[in-house]
Amino acid sequence: MKKQVKRLAIIVTVTVVAFLIGRWDSALYPGPVGEITRVHQTQSQDTTDEFNNQDSQITQKLTVKMINRSDHVIHVENDYMNSQAMTTKFKVGDQVLLKKQNGEFQVDTIKRDSTLLALIAFFLASTFVYVRFTKMSFLLLSLVVNAAIFAGAILIDVHSKIMPVFLLFALLAIILAIVSLRLVLGRTKQARITLLSTIIATALAMGIMALVLKMTGSAGVHFETMSFVTQVPTPIFYAQATIGVLGAVMDESADIVAGLFGLHRESPHRPFRDYRDAGLSVGREILGTLTNVLFMIFIAETIPMVVLMLRNGNNWSYITDQVMNLGILQTVVSAIGIVWAVPVTAGITAALLRHRDEEEEARL
Amino acid sequence: MNAIFVLVALLFLSLLIVGGQQGLKTFFGLMLNFILIFALIVLVNLGFNAYIVTAVIAVMILSVAIYLSAGRGKVLALAWKTSVVVTTIVALLAFLTQYFAQIQGYTLENSDELEGLSLNIGISFSHLVMIVMVISALGAIAEASMAVTSDLFEVIERSPEITKDSLAAHAETIGSQILGTAVNTLFFGMLGANIPLLVWYVRLHYSVAEFVNGKLLVMEVATMLLGMIGILLSIWLSTTMVERTYRKEGRKILDESDL
């Protein structure tokens with residue numbers, strides 16, 4: 001018990017320190033940063049929109065003390081709606097980035113890096129407190145390396161005119177898989193089999209999606225509803241789905257292959273069927289909870305937009321079409337990938353483990 | 001023929017063939033969770049208290065995710081308890097994140113999709129973003145606590161002479177393995193989902209300050225980090241719970257028929 005309390009104390013301390021570092025890093029910013037020292041509400045007005053939604057518009061007068069380039073104190077006016085869809089209500093202690101517009105300072109955005117740092121510190125601290133450093137360092141290294149490779153792919157996508165988007169991200173997916181498996185499992189046969197199964201299962205899932213979309217002429221799929229599009233949305237969707245499916249399938253394949261290698265170590269001379277059945281049973285156990293993981297991520301994202309659309313007098317069928325459409329499609333494709341990965345992984349691993357036995361027997 | 005419908009039918013068939021009865025349960029569970037999310041949206045839209053609605057629906061989603069998966073009764077019960085506790089902690093962290101970072105709603109980048117919509121809808125977007133963060137983490141929390149709990153039970157079952165210390169050693173190995181793969185799932189999911197936004201940021205030459213303080217990106221990263229924290233806490237708490245139960249009950253921990 002005492003050990004747990006000590007661990008918690010370490011985590012909380014590290015998190016708070018990271019948060020404070022985030023609050024003191026404003027010297028690194030090229031633009032002006034300020035801290036709100038006083039908030040004074042000057043006006044409040046009730047509003048009603050055309051769909052009879054009641055809201056209120058509030059004006060606050062902010063006293064902002066500049067904390068990096070100078071120590072001036074300025075006054076800024078801020079309007080916000082009570083629902084805060086686009087606007088923000090500020091409070092004393094908030095740090096904000098400022099920008100100059102028509103000779104007057106305006107609040108650009110709230111400074112969020114301290115919160116981000118605190119969350120990262122919380123995660124890292126609890127990881128290191130929970131498990132030994134060496135084990136986790138490879139996982140964290142793989143996250144960092146993958147993020148860097150991913151950033152590289154984004155840059156290529158933005159700057160290259162010739163590289164087809166889907167090809168780029170499909171290649172990226174394969175590289176990401178290789179890097180994570182190499183770093184987490186090392187240079188082992190287990191890593192190679194996991195990689196092979198992951199790539200095949202992911203390719204199958206993407207293939208079946210492409211086939212169905214082609215056969216149905218993408219009926220009922222609205223690629224045009226994708227947010228932030230700066231290029232043709234369909235290949236981008238394929239890219240998104242590939243990387244999402246790959247992560248989940250890799251998770252699952254790694255579990256199945258690990259289980260079968262465990263079996264193999266216990267007693268290596270087993271027929272194909274033993275391995276296959278064991279693989280299927282491991283897979284069946286995890287595929288349910290795993291499909292839920294991606295489902296929750298993709299659907300939760302859409303909740304605010306759905307509420308906004310509902311309040312704007314749209315009906316459910318229009319909303320599922322316009323807002324949830326791609327989220328649902330991605331969930332379904334991921335789920336298909338996760339399900340298919342079970343027989344694929346079980347089959348490949350069983351075949352390879354058995355082969356090795358036969359070869360060994362032949363040599364004897 | 002609607003493409004999504006065809007794919008859903010394919011998913012159903014695949015689940016049936018690969019998973020058999022368990023596959024059916026999985027499909028049923030997904031549908032049930034979909035309905036629960038609909039219910040959540042409807043209730044929030046009707047103006048019910050967002051905290052209470054989220055708490056109730058989150059517990060229901062966890063119950064569906066856990067009790068419709070395969071495993072012995074005691075594993076499910078322990079995983080459920082762990083998940084509820086961890087979800088509470090993650091919700092608390094989500095509240096703090098929102099309090100300090102104000103990541104609700106939209107920015108000018110969303111102008112296209114918001115065109116013609118009234119934004120003054122009288123529902124707090126601050127509540128909505130907390131709902132997003134909590135619901136996003138649920139799947140990962142349920143998965144991690146199920147995986148650790150059932151693996152540890154298997155270890156206990158397979159090795160009749162296992163001591164508390166060697167169980168703890170096993171727990172650490174299993175825990176770090178599950179952490180590795182589960183964290184990657186979330187990480188890849190987040191990377192994939194944010195390709196368009198990141199391309200947008202890079203195309204429009206956003207500065208570093210805009211990257212690390214921008215509302216939309218911070219919201220995405222925070223959601224992912226909360227999910228990862230959820231996974232880690234689930235592993236940690238599940239391990240503690242199983243070890244403690246084993247210490248208290250010894251091998252009686254296994255005395256129960258499979259559900």
# chains A, B, ... in the order shown; residues from 1 in each chain; ligands from 1
call {"tool": "closest_atom_pairs", "arguments": {"of": "chain A", "to": "chain B", "cutoff": "6 Å", "atoms": "only C-alpha atoms", "output": "Markdown table"}}
result
| residue | atom | partner | partner_atom | distance |
| --- | --- | --- | --- | --- |
| A:Asn53 | CA | B:Ile121 | CA | 5.0 |
| A:Gln54 | CA | B:Gly122 | CA | 5.3 |
| A:Asp55 | CA | B:Gly122 | CA | 4.5 |
| A:Ser83 | CA | B:Ser124 | CA | 4.2 |
| A:Gln84 | CA | B:Phe125 | CA | 5.9 |
| A:Ala85 | CA | B:Gly105 | CA | 4.4 |
| A:Met86 | CA | B:Tyr106 | CA | 5.1 |
| A:Lys111 | CA | B:Asn213 | CA | 5.7 |
| A:Arg112 | CA | B:Asn213 | CA | 4.8 |
| A:Asp113 | CA | B:Asn213 | CA | 5.7 |
| A:Phe123 | CA | B:Ile229 | CA | 5.6 |
| A:Leu213 | CA | B:Ala3 | CA | 5.9 |
| A:Thr216 | CA | B:Ala3 | CA | 5.7 |
| A:Ser218 | CA | B:Ala3 | CA | 5.8 |
| A:Ala219 | CA | B:Asn2 | CA | 4.9 |
| A:Gly220 | CA | B:Asn2 | CA | 5.1 |
| A:Phe228 | CA | B:Pro196 | CA | 5.6 |
| A:Val229 | CA | B:Pro196 | CA | 5.9 |
| A:Gln240 | CA | B:Gly192 | CA | 4.2 |
| A:Ile243 | CA | B:Gly192 | CA | 5.2 |
| A:Gly244 | CA | B:Gly189 | CA | 4.3 |
| A:Gly247 | CA | B:Thr185 | CA | 4.4 |
| A:Ala248 | CA | B:Thr185 | CA | 5.0 |
| A:Asp251 | CA | B:Thr181 | CA | 4.8 |
| A:Arg284 | CA | B:Gly19 | CA | 5.6 |
| A:Glu285 | CA | B:Ala70 | CA | 5.6 |
| A:Gly288 | CA | B:Thr26 | CA | 5.1 |
| A:Thr289 | CA | B:Glu143 | CA | 5.1 |
| A:Asn292 | CA | B:Gly139 | CA | 5.1 |
| A:Val293 | CA | B:Gly139 | CA | 3.8 |
| A:Met296 | CA | B:Ser136 | CA | 5.0 |
| A:Ile297 | CA | B:Ser136 | CA | 4.5 |
| A:Ala300 | CA | B:Val132 | CA | 5.0 |
| A:Pro304 | CA | B:Leu128 | CA | 5.7 |
| A:Ile336 | CA | B:Leu11 | CA | 5.4 |
call {"tool": "write_last_selection", "arguments": {"atoms": "C-alpha atoms", "output": "tab-separated table (two decimals), in the first residue's frame"}}
result
chain	number	residue	atom	x	y	z
A	53	ASN	CA	-32.16	27.61	-29.23
A	54	GLN	CA	-31.63	29.82	-26.20
A	55	ASP	CA	-28.12	31.03	-25.60
A	83	SER	CA	-22.21	27.44	-25.38
A	84	GLN	CA	-18.65	28.30	-26.51
A	85	ALA	CA	-18.82	26.57	-29.88
A	86	MET	CA	-16.34	28.93	-31.48
A	111	LYS	CA	-1.90	28.74	-24.39
A	112	ARG	CA	-2.35	24.97	-24.28
A	113	ASP	CA	1.19	23.61	-24.21
A	123	PHE	CA	1.77	9.14	-19.09
A	213	LEU	CA	-17.04	0.31	-53.09
A	216	THR	CA	-21.72	-0.65	-55.44
A	218	SER	CA	-19.73	3.85	-53.51
A	219	ALA	CA	-23.48	4.12	-52.98
A	220	GLY	CA	-24.24	5.59	-49.57
A	228	PHE	CA	-10.11	19.72	-43.63
A	229	VAL	CA	-9.73	18.45	-47.16
A	240	GLN	CA	-6.54	6.91	-42.97
A	243	ILE	CA	-3.14	3.13	-40.90
A	244	GLY	CA	-6.02	2.72	-38.45
A	247	GLY	CA	-2.58	-0.58	-35.72
A	248	ALA	CA	-5.45	-2.72	-34.53
A	251	ASP	CA	-2.11	-5.52	-31.83
A	284	ARG	CA	-11.78	-15.03	-30.71
A	285	GLU	CA	-11.17	-13.91	-27.15
A	288	GLY	CA	-14.65	-8.37	-29.43
A	289	THR	CA	-12.95	-5.88	-27.14
A	292	ASN	CA	-14.83	-1.75	-29.53
A	293	VAL	CA	-11.58	0.22	-29.17
A	296	MET	CA	-15.38	4.20	-29.64
A	297	ILE	CA	-12.63	6.40	-31.09
A	300	ALA	CA	-17.00	9.62	-30.18
A	304	PRO	CA	-20.35	17.37	-30.99
A	336	ILE	CA	-13.49	-6.70	-40.82
call {"tool": "select_by_dssp", "arguments": {"residues": "region 45-142 of chain B", "states": "helix (DSSP H, G or I)", "output": "ChimeraX atom specification"}}
result
/B:45,50-67,73-101,108-114,125-142
call {"tool": "atom_distance", "arguments": {"atom1": "CA of His170 (chain B)", "atom2": "CA of Arg265 (chain A)"}}
result
16.4 Å
call {"tool": "atom_distance", "arguments": {"atom1": "CA of Gln43 (chain A)", "atom2": "CA of Thr59 (chain A)"}}
result
5.0 Å
call {"tool": "residues_around", "arguments": {"residues": "Val342 (chain A)", "least_positions_apart": "6", "cutoff": "9 Å", "atoms": "only C-alpha atoms", "output": "ChimeraX atom specification"}}
result
/A:201,249,252-253,256,279-284,287 /B:18
call {"tool": "write_last_selection", "arguments": {"atoms": "C-alpha atoms", "output": "compact mmCIF listing (two decimals), in the first residue's frame"}}
result
# COMPACT_ATOMS: atom_id res chain seq x y z
CA ALA A 201 -4.76 -9.04 -43.08
CA VAL A 249 -4.49 -5.74 -36.63
CA GLU A 252 -4.14 -8.63 -32.46
CA SER A 253 -1.61 -10.54 -34.58
CA ILE A 256 -1.95 -14.48 -31.36
CA GLY A 279 -4.61 -19.33 -32.61
CA LEU A 280 -8.29 -19.11 -33.44
CA SER A 281 -9.25 -19.38 -29.80
CA VAL A 282 -6.82 -16.64 -28.71
CA GLY A 283 -8.13 -14.46 -31.54
CA ARG A 284 -11.78 -15.03 -30.71
CA LEU A 287 -11.56 -9.56 -31.29
CA VAL B 18 -14.54 -16.99 -37.43
call {"tool": "residues_around", "arguments": {"residues": "Met206 (chain A)", "least_positions_apart": "4", "cutoff": "7 Å", "atoms": "only C-alpha atoms", "output": "MDAnalysis selection string"}}
result
chainID A and resid 202 210 242
call {"tool": "write_last_selection", "arguments": {"atoms": "C-alpha atoms", "output": "compact mmCIF listing (two decimals), in the first residue's frame"}}
result
# COMPACT_ATOMS: atom_id res chain seq x y z
CA THR A 202 -4.65 -5.27 -43.53
CA ALA A 210 -12.17 -1.24 -52.42
CA THR A 242 -5.08 1.65 -43.77
call {"tool": "residues_around", "arguments": {"residues": "Ile21 (chain A)", "least_positions_apart": "3", "cutoff": "10 Å", "atoms": "only C-alpha atoms", "output": "PDB file with N, CA and C atoms, in the first residue's frame"}}
result
ATOM      1  N   THR A  15       3.919  15.425 -12.944  1.00  0.00           N
ATOM      2  CA  THR A  15       2.893  16.078 -13.753  1.00  0.00           C
ATOM      3  C   THR A  15       2.819  17.571 -13.452  1.00  0.00           C
ATOM      4  N   VAL A  16       2.805  17.885 -12.161  1.00  0.00           N
ATOM      5  CA  VAL A  16       2.700  19.298 -11.769  1.00  0.00           C
ATOM      6  C   VAL A  16       3.924  20.075 -12.252  1.00  0.00           C
ATOM      7  N   VAL A  17       5.108  19.474 -12.106  1.00  0.00           N
ATOM      8  CA  VAL A  17       6.329  20.151 -12.554  1.00  0.00           C
ATOM      9  C   VAL A  17       6.251  20.427 -14.062  1.00  0.00           C
ATOM     10  N   ALA A  18       5.806  19.419 -14.836  1.00  0.00           N
ATOM     11  CA  ALA A  18       5.699  19.607 -16.285  1.00  0.00           C
ATOM     12  C   ALA A  18       4.727  20.730 -16.607  1.00  0.00           C
ATOM     13  N   TRP A  24       5.957  28.399 -17.731  1.00  0.00           N
ATOM     14  CA  TRP A  24       7.090  29.333 -17.682  1.00  0.00           C
ATOM     15  C   TRP A  24       7.888  29.373 -18.979  1.00  0.00           C
ATOM     16  N   ASP A  25       7.359  28.756 -20.038  1.00  0.00           N
ATOM     17  CA  ASP A  25       8.164  28.669 -21.256  1.00  0.00           C
ATOM     18  C   ASP A  25       7.860  29.796 -22.246  1.00  0.00           C
ATOM     19  N   SER A  26       7.159  30.837 -21.797  1.00  0.00           N
ATOM     20  CA  SER A  26       6.699  31.842 -22.757  1.00  0.00           C
ATOM     21  C   SER A  26       7.858  32.597 -23.402  1.00  0.00           C
ATOM     22  N   ASP A 113       0.055  24.535 -24.294  1.00  0.00           N
ATOM     23  CA  ASP A 113       1.194  23.610 -24.205  1.00  0.00           C
ATOM     24  C   ASP A 113       1.428  23.087 -22.802  1.00  0.00           C
ATOM     25  N   SER A 114       1.056  23.875 -21.768  1.00  0.00           N
ATOM     26  CA  SER A 114       1.287  23.394 -20.405  1.00  0.00           C
ATOM     27  C   SER A 114       0.416  22.163 -20.119  1.00  0.00           C
ATOM     28  N   LEU A 117       1.910  19.193 -22.009  1.00  0.00           N
ATOM     29  CA  LEU A 117       3.101  18.701 -21.314  1.00  0.00           C
ATOM     30  C   LEU A 117       2.715  17.900 -20.076  1.00  0.00           C
ATOM     31  N   ALA A 118       1.720  18.415 -19.354  1.00  0.00           N
ATOM     32  CA  ALA A 118       1.312  17.731 -18.122  1.00  0.00           C
ATOM     33  C   ALA A 118       0.780  16.336 -18.452  1.00  0.00           C
TER      34      ALA A 118
END
